[in-house]
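File shown: final_10.cif (mmCIF, C-alpha atoms and all ligand atoms).
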```cif
data_model
#
loop_
_atom_site.label_atom_id
_atom_site.label_comp_id
_atom_site.auth_asym_id
_atom_site.auth_seq_id
_atom_site.Cartn_x
_atom_site.Cartn_y
_atom_site.Cartn_z
CA MET O 22 28.01 -3.42 -9.72
CA ILE O 23 25.36 -5.73 -8.31
CA VAL O 24 24.97 -9.06 -10.05
CA LEU O 25 21.37 -10.10 -10.66
CA ALA O 26 20.35 -13.66 -9.92
CA PRO O 27 19.05 -15.65 -12.91
CA TYR O 28 15.59 -15.79 -11.28
CA ALA O 29 15.44 -11.96 -10.98
CA CYS O 30 13.49 -9.78 -13.42
CA HIS O 31 15.86 -8.33 -16.00
CA PRO O 32 14.79 -5.03 -17.54
CA GLU O 33 16.10 -6.02 -21.00
CA ALA O 34 13.86 -9.08 -20.86
CA SER O 35 10.77 -7.11 -19.78
CA ARG O 36 7.45 -8.16 -21.26
CA GLY O 37 7.17 -4.52 -22.20
CA ARG O 38 4.78 -1.60 -21.93
CA ARG O 39 1.21 -1.30 -23.16
CA HIS O 40 2.26 1.48 -25.53
CA VAL O 41 5.55 0.90 -27.28
CA GLU O 42 8.23 3.46 -26.42
CA PRO O 43 11.92 3.72 -27.27
CA PRO O 44 14.09 2.28 -24.49
CA PRO O 45 15.37 4.82 -21.95
CA THR O 46 18.93 6.16 -22.12
CA GLY O 47 21.12 6.37 -19.02
CA ARG O 48 18.78 4.31 -16.86
CA ASN O 49 17.05 0.97 -17.12
CA ALA O 50 13.34 0.39 -17.80
CA PHE O 51 12.50 -0.29 -14.13
CA GLN O 52 14.33 2.87 -13.03
CA ARG O 53 12.22 4.79 -15.51
CA ASP O 54 9.09 3.28 -13.94
CA ARG O 55 10.27 4.25 -10.46
CA ASP O 56 11.00 7.80 -11.66
CA ARG O 57 7.60 8.10 -13.34
CA ILE O 58 5.90 7.02 -10.12
CA ILE O 59 7.78 9.57 -8.01
CA HIS O 60 6.82 12.38 -10.40
CA CYS O 61 3.11 11.54 -10.67
CA ASN O 62 0.28 13.41 -8.91
CA ALA O 63 -1.08 10.39 -7.02
CA PHE O 64 2.31 9.90 -5.36
CA ARG O 65 2.33 13.42 -3.90
CA LEU O 66 -1.23 13.00 -2.61
CA LEU O 67 -0.06 10.10 -0.43
CA GLU O 68 1.42 12.69 1.94
CA TYR O 69 -2.06 13.69 3.08
CA LYS O 70 -3.71 10.28 3.20
CA THR O 71 -4.21 8.33 6.41
CA GLN O 72 -2.29 5.23 7.27
CA VAL O 73 -4.00 4.64 10.66
CA PHE O 74 -4.11 8.11 12.18
CA VAL O 75 -5.79 10.90 10.24
CA ASN O 76 -3.26 13.39 8.99
CA HIS O 77 -4.27 16.21 11.33
CA GLU O 78 -3.85 14.09 14.49
CA GLY O 79 -0.12 14.70 14.63
CA ASP O 80 2.92 15.39 12.49
CA LEU O 81 4.92 12.37 13.68
CA PHE O 82 2.46 9.70 12.59
CA ARG O 83 3.00 7.73 9.41
CA THR O 84 1.14 8.80 6.33
CA ARG O 85 0.71 6.74 3.16
CA LEU O 86 3.74 8.53 1.76
CA THR O 87 6.15 7.75 4.59
CA HIS O 88 4.68 4.24 4.78
CA SER O 89 5.44 3.71 1.07
CA ILE O 90 9.00 4.98 1.54
CA GLU O 91 9.52 2.59 4.49
CA VAL O 92 8.19 -0.29 2.39
CA ALA O 93 10.60 0.64 -0.41
CA GLN O 94 13.54 0.74 2.03
CA ILE O 95 12.80 -2.71 3.45
CA ALA O 96 12.07 -4.15 0.01
CA ARG O 97 15.34 -2.82 -1.40
CA SER O 98 17.38 -4.39 1.42
CA LEU O 99 15.66 -7.71 0.80
CA SER O 100 16.13 -7.42 -2.96
CA ARG O 101 19.82 -6.78 -2.62
CA ASN O 102 20.27 -9.77 -0.29
CA LEU O 103 18.42 -12.02 -2.72
CA GLY O 104 20.04 -10.83 -5.98
CA LEU O 105 16.75 -9.34 -7.21
CA HIS O 106 16.23 -6.14 -9.20
CA GLU O 107 16.18 -3.36 -6.61
CA ASP O 108 14.73 -0.74 -8.94
CA LEU O 109 11.77 -2.95 -9.76
CA THR O 110 11.05 -3.75 -6.09
CA GLU O 111 11.35 -0.07 -5.29
CA ALA O 112 8.97 0.93 -8.10
CA ILE O 113 6.38 -1.62 -6.94
CA SER O 114 6.73 -0.52 -3.29
CA LEU O 115 6.36 3.18 -4.04
CA ALA O 116 3.30 2.56 -6.23
CA HIS O 117 1.53 -0.11 -4.18
CA ASP O 118 -0.80 2.31 -2.34
CA LEU O 119 -1.37 4.91 -5.09
CA GLY O 120 -5.02 3.85 -5.34
CA HIS O 121 -5.73 4.18 -1.65
CA THR O 122 -8.71 6.28 -0.62
CA PRO O 123 -8.63 8.98 2.06
CA PHE O 124 -9.04 7.73 5.67
CA GLY O 125 -7.23 4.42 5.29
CA HIS O 126 -9.13 1.15 5.22
CA ALA O 127 -12.32 2.77 6.51
CA GLY O 128 -12.50 4.93 3.37
CA GLN O 129 -11.82 2.01 1.09
CA ASP O 130 -14.39 -0.28 2.73
CA GLU O 131 -17.07 2.39 2.61
CA LEU O 132 -16.38 3.28 -1.01
CA ASN O 133 -16.61 -0.41 -1.90
CA ALA O 134 -19.88 -0.72 0.06
CA CYS O 135 -21.33 2.34 -1.74
CA MET O 136 -20.37 1.02 -5.17
CA ARG O 137 -21.83 -2.42 -4.44
CA GLU O 138 -25.10 -1.11 -3.02
CA LEU O 139 -25.76 1.91 -5.20
CA ALA O 140 -24.09 1.01 -8.50
CA PRO O 141 -23.97 -2.82 -8.52
CA ALA O 142 -23.22 -3.01 -12.24
CA ALA O 143 -20.01 -1.00 -11.73
CA GLY O 144 -18.29 -3.86 -9.90
CA GLY O 145 -17.24 -2.45 -6.52
CA PHE O 146 -14.02 -0.80 -5.45
CA GLU O 147 -10.73 -2.62 -4.75
CA HIS O 148 -7.75 -0.54 -3.74
CA ASN O 149 -5.16 -2.75 -5.47
CA LEU O 150 -7.10 -2.52 -8.67
CA GLN O 151 -7.35 1.24 -8.16
CA SER O 152 -3.55 1.50 -7.79
CA LEU O 153 -3.25 -0.21 -11.17
CA ARG O 154 -5.95 2.06 -12.58
CA VAL O 155 -3.98 5.12 -11.44
CA VAL O 156 -0.84 4.03 -13.30
CA ASP O 157 -2.70 2.57 -16.32
CA GLU O 158 -5.46 5.13 -16.85
CA LEU O 159 -5.88 8.04 -14.48
CA GLU O 160 -2.58 9.90 -14.44
CA ALA O 161 -2.67 12.51 -17.21
CA ARG O 162 0.92 13.63 -17.81
CA TYR O 163 1.97 12.16 -21.14
CA ALA O 164 0.99 13.37 -24.58
CA ALA O 165 0.86 9.94 -26.21
CA PHE O 166 -1.03 7.86 -23.65
CA ASN O 167 -3.09 7.81 -20.46
CA GLY O 168 -1.43 6.70 -17.23
CA LEU O 169 2.30 6.15 -16.77
CA ASN O 170 2.73 3.31 -19.27
CA LEU O 171 4.76 1.18 -16.85
CA CYS O 172 6.40 -2.17 -17.61
CA PHE O 173 4.41 -5.37 -17.23
CA GLU O 174 6.62 -6.41 -14.27
CA THR O 175 5.82 -3.24 -12.31
CA ARG O 176 2.09 -3.51 -13.04
CA GLU O 177 2.13 -7.20 -12.12
CA GLY O 178 3.59 -6.27 -8.73
CA ILE O 179 1.15 -3.44 -8.09
CA LEU O 180 -1.83 -5.75 -8.61
CA LYS O 181 -1.35 -7.70 -5.40
CA HIS O 182 -4.87 -9.08 -5.13
CA CYS O 183 -7.72 -9.17 -7.57
CA SER O 184 -11.09 -10.88 -7.81
CA VAL O 185 -11.55 -13.42 -10.61
CA HIS O 186 -14.34 -11.26 -11.97
CA HIS O 187 -11.97 -8.33 -12.52
CA ALA O 188 -9.00 -10.50 -13.49
CA ARG O 189 -10.89 -11.52 -16.66
CA THR O 190 -11.00 -7.89 -17.79
CA LEU O 191 -7.35 -7.04 -17.16
CA GLY O 192 -5.45 -8.90 -19.87
CA ASP O 193 -1.83 -9.89 -19.13
CA VAL O 194 -1.68 -8.77 -15.47
CA GLY O 195 -4.97 -10.51 -14.68
CA GLU O 196 -3.90 -13.91 -16.01
CA ARG O 197 -2.15 -15.14 -12.88
CA PHE O 198 -5.32 -14.80 -10.80
CA LEU O 199 -7.08 -17.13 -13.24
CA ALA O 200 -4.16 -19.56 -13.61
CA ARG O 201 -3.39 -19.28 -9.87
CA THR O 202 0.30 -18.67 -10.43
CA GLN O 203 2.65 -16.30 -8.59
CA PRO O 204 4.12 -12.93 -9.52
CA SER O 205 7.89 -12.27 -9.70
CA LEU O 206 10.03 -12.50 -6.58
CA GLU O 207 10.42 -8.72 -6.67
CA ALA O 208 6.63 -8.46 -6.32
CA GLN O 209 6.47 -11.13 -3.61
CA ILE O 210 9.18 -9.30 -1.66
CA ALA O 211 7.47 -5.90 -1.98
CA ASN O 212 4.28 -7.48 -0.63
CA LEU O 213 5.99 -8.90 2.46
CA ALA O 214 8.00 -5.69 2.97
CA ASP O 215 4.62 -3.92 3.14
CA GLU O 216 3.57 -6.25 5.96
CA ILE O 217 6.87 -5.80 7.86
CA ALA O 218 6.60 -2.02 7.50
CA TYR O 219 3.01 -1.57 8.68
CA ASN O 220 3.15 -4.04 11.55
CA ASN O 221 6.19 -2.33 12.98
CA HIS O 222 5.34 1.29 12.33
CA ASP O 223 1.82 0.77 13.65
CA ILE O 224 3.31 -0.45 16.93
CA ASP O 225 5.51 2.65 17.01
CA ASP O 226 2.61 5.00 16.16
CA GLY O 227 0.27 3.09 18.46
CA VAL O 228 2.55 3.59 21.46
CA ARG O 229 3.19 7.21 20.50
CA SER O 230 -0.56 7.87 20.42
CA GLY O 231 -1.04 6.28 23.84
CA LEU O 232 -3.66 3.85 22.46
CA ILE O 233 -1.45 0.83 23.14
CA SER O 234 1.18 0.41 25.85
CA VAL O 235 4.56 -1.24 26.09
CA GLU O 236 3.13 -3.40 28.89
CA GLN O 237 0.31 -4.67 26.65
CA LEU O 238 2.81 -5.52 23.91
CA GLN O 239 4.58 -7.98 26.23
CA VAL O 240 2.05 -10.67 25.21
CA LEU O 241 3.79 -10.76 21.84
CA GLU O 242 6.73 -13.15 21.75
CA ILE O 243 8.65 -11.13 19.15
CA PHE O 244 8.20 -7.89 21.12
CA ALA O 245 8.89 -9.41 24.55
CA THR O 246 12.11 -11.10 23.35
CA HIS O 247 13.62 -7.91 21.96
CA TYR O 248 12.28 -5.82 24.82
CA ALA O 249 14.12 -8.03 27.33
CA GLN O 250 17.33 -7.84 25.29
CA VAL O 251 17.25 -4.03 25.08
CA LYS O 252 16.41 -3.71 28.79
CA ARG O 253 19.26 -6.03 29.75
CA LYS O 254 21.72 -3.94 27.78
CA TYR O 255 20.27 -0.53 28.74
CA PRO O 256 18.38 -0.93 32.04
CA ASN O 257 17.59 2.80 32.40
CA ILE O 258 16.61 3.50 28.82
CA GLU O 259 13.77 6.01 28.33
CA LYS O 260 10.54 4.78 26.76
CA ARG O 261 10.83 6.46 23.34
CA ARG O 262 14.29 5.09 22.71
CA LEU O 263 13.22 1.71 24.07
CA VAL O 264 10.33 1.44 21.62
CA ALA O 265 12.55 2.57 18.75
CA GLU O 266 15.22 -0.01 19.66
CA VAL O 267 12.68 -2.82 19.92
CA VAL O 268 10.98 -1.91 16.63
CA ARG O 269 14.36 -1.66 14.91
CA ALA O 270 15.35 -5.11 16.20
CA MET O 271 11.99 -6.61 15.18
CA ILE O 272 12.32 -5.28 11.62
CA ASN O 273 15.81 -6.69 11.42
CA THR O 274 14.73 -10.10 12.73
CA LEU O 275 11.87 -10.26 10.22
CA VAL O 276 14.12 -9.20 7.33
CA VAL O 277 16.82 -11.75 8.23
CA ASP O 278 14.27 -14.55 8.65
CA LEU O 279 12.55 -13.68 5.38
CA THR O 280 15.89 -13.59 3.54
CA GLU O 281 17.03 -16.95 4.91
CA THR O 282 13.73 -18.73 4.37
CA THR O 283 13.38 -17.34 0.85
CA LEU O 284 16.95 -18.36 -0.05
CA ALA O 285 16.21 -21.87 1.22
CA ASN O 286 13.05 -21.99 -0.92
CA ILE O 287 15.03 -20.78 -3.93
CA ARG O 288 17.63 -23.52 -3.39
CA LYS O 289 14.86 -26.09 -3.07
CA HIS O 290 13.01 -25.13 -6.27
CA GLY O 291 16.05 -23.94 -8.25
CA PRO O 292 14.32 -21.36 -10.48
CA ALA O 293 16.55 -20.48 -13.45
CA HIS O 294 14.34 -17.69 -14.78
CA ALA O 295 11.72 -15.25 -13.51
CA ASP O 296 9.07 -17.38 -15.23
CA ASP O 297 10.14 -20.40 -13.13
CA VAL O 298 9.43 -18.24 -10.07
CA ARG O 299 5.97 -17.48 -11.45
CA ALA O 300 5.21 -21.17 -11.97
CA ALA O 301 6.52 -22.27 -8.55
CA PRO O 302 4.66 -22.03 -5.24
CA PRO O 303 5.28 -18.72 -3.38
CA LEU O 304 9.04 -18.59 -2.74
CA ALA O 305 9.23 -15.47 -0.60
CA ALA O 306 8.14 -16.48 2.87
CA PHE O 307 8.88 -16.29 6.58
CA SER O 308 9.81 -19.43 8.50
CA MET O 309 6.82 -21.14 10.16
CA SER O 310 7.77 -19.80 13.58
CA MET O 311 8.22 -16.24 12.30
CA ARG O 312 4.97 -16.44 10.31
CA ARG O 313 3.18 -17.36 13.52
CA GLN O 314 4.77 -14.44 15.38
CA ALA O 315 3.99 -12.00 12.58
CA ASP O 316 0.36 -13.19 12.53
CA ALA O 317 0.14 -12.72 16.30
CA LEU O 318 1.42 -9.17 15.81
CA LYS O 319 -1.25 -8.50 13.18
CA GLN O 320 -3.99 -9.90 15.42
CA PHE O 321 -2.77 -7.81 18.33
CA LEU O 322 -2.91 -4.61 16.26
CA MET O 323 -6.35 -5.51 14.92
CA HIS O 324 -7.83 -5.95 18.40
CA ASN O 325 -5.96 -3.29 20.30
CA LEU O 326 -5.26 -0.52 17.80
CA TYR O 327 -7.43 -0.66 14.67
CA ARG O 328 -10.49 -1.46 16.81
CA HIS O 329 -9.62 0.91 19.64
CA TYR O 330 -12.64 3.06 20.37
CA ARG O 331 -10.78 6.23 19.49
CA VAL O 332 -9.77 4.83 16.11
CA MET O 333 -13.34 3.49 15.65
CA ARG O 334 -14.76 6.98 16.23
CA MET O 335 -12.56 8.33 13.49
CA THR O 336 -13.50 5.38 11.29
CA THR O 337 -17.21 6.05 11.76
CA LYS O 338 -16.86 9.71 10.83
CA ALA O 339 -14.68 8.86 7.84
CA ARG O 340 -17.20 6.32 6.56
CA ALA O 341 -20.02 8.86 6.86
CA ILE O 342 -18.04 11.44 4.88
CA VAL O 343 -17.24 9.00 2.08
CA ARG O 344 -20.83 7.74 1.90
CA GLU O 345 -22.42 11.17 1.95
CA LEU O 346 -20.11 12.41 -0.80
CA PHE O 347 -20.77 9.33 -2.94
CA VAL O 348 -24.54 9.53 -2.54
CA ALA O 349 -24.62 13.26 -3.21
CA PHE O 350 -22.59 12.98 -6.41
CA LEU O 351 -24.51 9.96 -7.64
CA GLN O 352 -27.89 11.64 -7.07
CA GLU O 353 -26.76 14.94 -8.51
CA PRO O 354 -23.83 14.62 -10.93
CA ARG O 355 -24.11 18.37 -11.58
CA LEU O 356 -22.26 18.80 -8.27
CA LEU O 357 -19.22 17.43 -10.09
CA SER O 358 -16.85 19.33 -12.33
CA ASP O 359 -16.97 18.40 -16.04
CA GLU O 360 -13.91 16.22 -15.61
CA TYR O 361 -15.96 13.72 -13.59
CA ARG O 362 -19.30 13.89 -15.47
CA ARG O 363 -20.30 10.89 -17.59
CA ASP O 364 -23.38 10.10 -19.68
CA ASP O 365 -23.47 6.43 -18.81
CA GLU O 366 -24.60 5.36 -15.30
CA VAL O 367 -21.89 2.76 -14.70
CA ALA O 368 -19.18 5.07 -16.00
CA GLN O 369 -20.57 7.85 -13.79
CA ALA O 370 -20.32 5.68 -10.65
CA ARG O 371 -16.76 4.71 -11.56
CA ALA O 372 -15.79 8.35 -12.15
CA ILE O 373 -17.20 9.27 -8.72
CA ALA O 374 -15.19 6.44 -7.15
CA ASP O 375 -12.07 7.72 -8.95
CA TYR O 376 -12.74 11.23 -7.71
CA ILE O 377 -13.30 10.19 -4.08
CA ALA O 378 -10.39 7.70 -4.09
CA GLY O 379 -8.10 10.47 -5.30
CA MET O 380 -9.02 12.80 -2.43
CA THR O 381 -6.68 13.40 0.49
CA ASP O 382 -8.17 13.31 4.01
CA ARG O 383 -8.33 17.07 4.27
CA TYR O 384 -9.71 17.53 0.74
CA ALA O 385 -12.53 15.07 1.51
CA ILE O 386 -13.33 16.87 4.76
CA ARG O 387 -13.37 20.23 2.97
CA GLU O 388 -15.51 18.95 0.10
CA HIS O 389 -17.94 17.46 2.64
CA THR O 390 -18.13 20.75 4.54
CA GLN O 391 -18.75 22.68 1.32
CA LEU O 392 -21.55 20.39 0.24
CA PHE O 393 -23.36 19.85 3.52
CA ARG O 394 -22.84 22.88 5.74
CA MET O 395 -24.50 26.21 5.10
CA GLY O 396 -21.67 28.73 4.95
CA GLY O 397 -19.20 25.97 4.17
CA ASP O 398 -17.98 27.87 1.13
CA ALA O 399 -17.52 31.04 3.12
CA ALA O 400 -15.46 29.18 5.68
CA LEU O 401 -12.78 28.39 3.14
MG MG O 501 0.80 -0.64 2.16
#
```

Structure translated into structure tokens:
Amino acid sequence: MIVLAPYACHPEASRGRRHVEPPPTGRNAFQRDRDRIIHCNAFRLLEYKTQVFVNHEGDLFRTRLTHSIEVAQIARSLSRNLGLHEDLTEAISLAHDLGHTPFGHAGQDELNACMRELAPAAGGFEHNLQSLRVVDELEARYAAFNGLNLCFETREGILKHCSVHHARTLGDVGERFLARTQPSLEAQIANLADEIAYNNHDIDDGVRSGLISVEQLQVLEIFATHYAQVKRKYPNIEKRRLVAEVVRAMINTLVVDLTETTLANIRKHGPAHADDVRAAPPLAAFSMSMRRQADALKQFLMHNLYRHYRVMRMTTKARAIVRELFVAFLQEPRLLSDEYRRDDEVAQARAIADYIAGMTDRYAIREHTQLFRMGGDAAL
């Protein structure tokens, strides 16, 4: 039996669901949210959505699904160390990327650009907002309501960022972006677990792809330190095991630092309730030195991996596919199935964004081939 800290989110004290339901039996409200997320369509689609490398580039690369599972693992460890509600952190982690487009950030940026240029009244595309939209509106599995009808605490955690413009339209979960307050510690932890997961697995995938090298990574203090330690202990270690050992040690170092710094912040501010956490400055944090090292890691990946010419070539193609699909559907909504046809222009643009955001990489490529290549249909 794990004892929850007083500053944790307690399922019995949840602010509730948008549609009132009887409480679950045999599991708590946050477990029910986690279970609903795992069973929804958008969760399964994550398997075929890009993290950095497009799905068909290799079976060993992370996808949005394995990324989300790694985030949940790290977030649960942190939660347990901090006396937080593990099921809530897990639910937030598994749902955080449900609104992600095909082709990673390239797809999201292009969809946002298309919405802003071609349907300015529709208000752009934000992937965090889309994740919330998936669980609030788009999933169609329950007789009594749209979406998954998750608890406020889970929805609060899913909506990591949000523009003030949108926050005004979102009711309870939008309020903190207007009042500039924080979400629960479970949400703060899931957010930082996301960062720990992608920084580390992108190094692993980057080396595996050959786009970055172990030698290049030596400029990073956190990598070089652990690299030297592993080499000292195992001088003849082969490269694959070496990278795995270093990444493993880096994740551990980040998790330990985050736990200790967060516990110190909790002691300093003494929150006695989840609402005290919300009113305090951000409590989940790395130490200054670790923050600096984690930022250096991010910068390194930005320059050497995400902007590598081979990744950029994929990015350019992905952007073109998203744009051409968006333009085609907007100009000729009859290309869409009834499910995505709307009478109103703004609603039509939003429905197209929902449709494209819901596509996997391979579905988007296939849809693009069907629409733009003579014989595309026959090829399927
Ligand atoms: Mg993520």

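Counting all atoms listed in the file, the residue from O:Gln72, O:Met271, O:Thr283, O:Leu346 that sits nearest to Thr390 of chain O is O:Leu346.
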
How would you write, as JSON, numbers by chain, the set of residues no farther than 7 Å from ligand MG 501 (chain O) when counting all atoms listed in the file? {"O": [88, 89, 117, 118, 215, 219]}

Would you mind exporting C-alpha atoms of the selected residues as a CSV table (one decimal), in the coordinates of the input?
```
chain,number,residue,atom,x,y,z
O,88,HIS,CA,4.7,4.2,4.8
O,89,SER,CA,5.4,3.7,1.1
O,117,HIS,CA,1.5,-0.1,-4.2
O,118,ASP,CA,-0.8,2.3,-2.3
O,215,ASP,CA,4.6,-3.9,3.1
O,219,TYR,CA,3.0,-1.6,8.7
```

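Nearest to His186 of chain O of all the residues O:Val251, O:Leu150, O:Ala208, O:Leu238 is O:Leu150, counting all atoms listed in the file.
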
My list of candidates is O:Arg312, O:Arg371, O:Lys252, O:His126. Which is closest to Pro141 of chain O when distances are computed with only C-alpha atoms? O:Arg371

Using only C-alpha atoms: which of O:His106, O:Lys70, O:Arg154, O:Arg36 has the shortest distance to Asn49 of chain O: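 Ranked by minimum distance to Asn49 of chain O, first place goes to O:His106.
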
Please compute the atom CA of Ala368 of chain O-atom CA of Leu351 of chain O distance, one decimal, in Å.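 About the pair atom CA of Ala368 of chain O and atom CA of Leu351 of chain O: they are 11.1 Å apart.
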
If I only have part of segment 131-145 of chain O, can you fill in N, CA, C and O atoms and write it as a PDB file, in the frame of the given file?
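Produced file out25.pdb, reproduced below:
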```pdb
ATOM      1  N   GLU O 131     -15.813   1.674   2.818  1.00  0.00           N
ATOM      2  CA  GLU O 131     -17.070   2.390   2.610  1.00  0.00           C
ATOM      3  C   GLU O 131     -17.303   2.661   1.121  1.00  0.00           C
ATOM      4  O   GLU O 131     -18.423   2.540   0.634  1.00  0.00           O
ATOM      5  N   LEU O 132     -16.237   3.021   0.421  1.00  0.00           N
ATOM      6  CA  LEU O 132     -16.380   3.280  -1.010  1.00  0.00           C
ATOM      7  C   LEU O 132     -16.806   1.992  -1.734  1.00  0.00           C
ATOM      8  O   LEU O 132     -17.677   2.012  -2.617  1.00  0.00           O
ATOM      9  N   ASN O 133     -16.227   0.883  -1.330  1.00  0.00           N
ATOM     10  CA  ASN O 133     -16.610  -0.410  -1.900  1.00  0.00           C
ATOM     11  C   ASN O 133     -18.083  -0.714  -1.594  1.00  0.00           C
ATOM     12  O   ASN O 133     -18.846  -1.120  -2.474  1.00  0.00           O
ATOM     13  N   ALA O 134     -18.485  -0.469  -0.336  1.00  0.00           N
ATOM     14  CA  ALA O 134     -19.880  -0.720   0.060  1.00  0.00           C
ATOM     15  C   ALA O 134     -20.829   0.148  -0.773  1.00  0.00           C
ATOM     16  O   ALA O 134     -21.858  -0.328  -1.266  1.00  0.00           O
ATOM     17  N   CYS O 135     -20.485   1.420  -0.951  1.00  0.00           N
ATOM     18  CA  CYS O 135     -21.330   2.340  -1.740  1.00  0.00           C
ATOM     19  C   CYS O 135     -21.459   1.856  -3.180  1.00  0.00           C
ATOM     20  O   CYS O 135     -22.560   1.828  -3.741  1.00  0.00           O
ATOM     21  N   MET O 136     -20.341   1.470  -3.776  1.00  0.00           N
ATOM     22  CA  MET O 136     -20.370   1.020  -5.170  1.00  0.00           C
ATOM     23  C   MET O 136     -21.230  -0.232  -5.298  1.00  0.00           C
ATOM     24  O   MET O 136     -22.025  -0.358  -6.225  1.00  0.00           O
ATOM     25  N   ARG O 137     -21.075  -1.156  -4.361  1.00  0.00           N
ATOM     26  CA  ARG O 137     -21.830  -2.420  -4.440  1.00  0.00           C
ATOM     27  C   ARG O 137     -23.329  -2.210  -4.255  1.00  0.00           C
ATOM     28  O   ARG O 137     -24.138  -2.806  -4.938  1.00  0.00           O
ATOM     29  N   GLU O 138     -23.680  -1.340  -3.306  1.00  0.00           N
ATOM     30  CA  GLU O 138     -25.100  -1.110  -3.020  1.00  0.00           C
ATOM     31  C   GLU O 138     -25.772  -0.222  -4.069  1.00  0.00           C
ATOM     32  O   GLU O 138     -26.888  -0.477  -4.496  1.00  0.00           O
ATOM     33  N   LEU O 139     -25.090   0.861  -4.430  1.00  0.00           N
ATOM     34  CA  LEU O 139     -25.760   1.910  -5.200  1.00  0.00           C
ATOM     35  C   LEU O 139     -25.473   1.864  -6.701  1.00  0.00           C
ATOM     36  O   LEU O 139     -26.177   2.485  -7.480  1.00  0.00           O
ATOM     37  N   ALA O 140     -24.405   1.145  -7.067  1.00  0.00           N
ATOM     38  CA  ALA O 140     -24.090   1.010  -8.500  1.00  0.00           C
ATOM     39  C   ALA O 140     -23.588  -0.412  -8.747  1.00  0.00           C
ATOM     40  O   ALA O 140     -22.441  -0.605  -9.150  1.00  0.00           O
ATOM     41  N   PRO O 141     -24.441  -1.426  -8.482  1.00  0.00           N
ATOM     42  CA  PRO O 141     -23.970  -2.820  -8.520  1.00  0.00           C
ATOM     43  C   PRO O 141     -23.330  -3.219  -9.848  1.00  0.00           C
ATOM     44  O   PRO O 141     -22.404  -4.020  -9.859  1.00  0.00           O
ATOM     45  N   ALA O 142     -23.777  -2.619 -10.939  1.00  0.00           N
ATOM     46  CA  ALA O 142     -23.220  -3.010 -12.240  1.00  0.00           C
ATOM     47  C   ALA O 142     -21.785  -2.513 -12.427  1.00  0.00           C
ATOM     48  O   ALA O 142     -21.064  -2.969 -13.319  1.00  0.00           O
ATOM     49  N   ALA O 143     -21.350  -1.572 -11.560  1.00  0.00           N
ATOM     50  CA  ALA O 143     -20.010  -1.000 -11.730  1.00  0.00           C
ATOM     51  C   ALA O 143     -18.909  -1.892 -11.170  1.00  0.00           C
ATOM     52  O   ALA O 143     -17.727  -1.696 -11.458  1.00  0.00           O
ATOM     53  N   GLY O 144     -19.291  -2.869 -10.329  1.00  0.00           N
ATOM     54  CA  GLY O 144     -18.290  -3.860  -9.900  1.00  0.00           C
ATOM     55  C   GLY O 144     -17.438  -3.503  -8.713  1.00  0.00           C
ATOM     56  O   GLY O 144     -16.316  -3.975  -8.603  1.00  0.00           O
ATOM     57  N   GLY O 145     -17.943  -2.671  -7.790  1.00  0.00           N
ATOM     58  CA  GLY O 145     -17.240  -2.450  -6.520  1.00  0.00           C
ATOM     59  C   GLY O 145     -15.962  -1.642  -6.630  1.00  0.00           C
ATOM     60  O   GLY O 145     -15.620  -1.124  -7.701  1.00  0.00           O
TER      61      GLY O 145
END
```
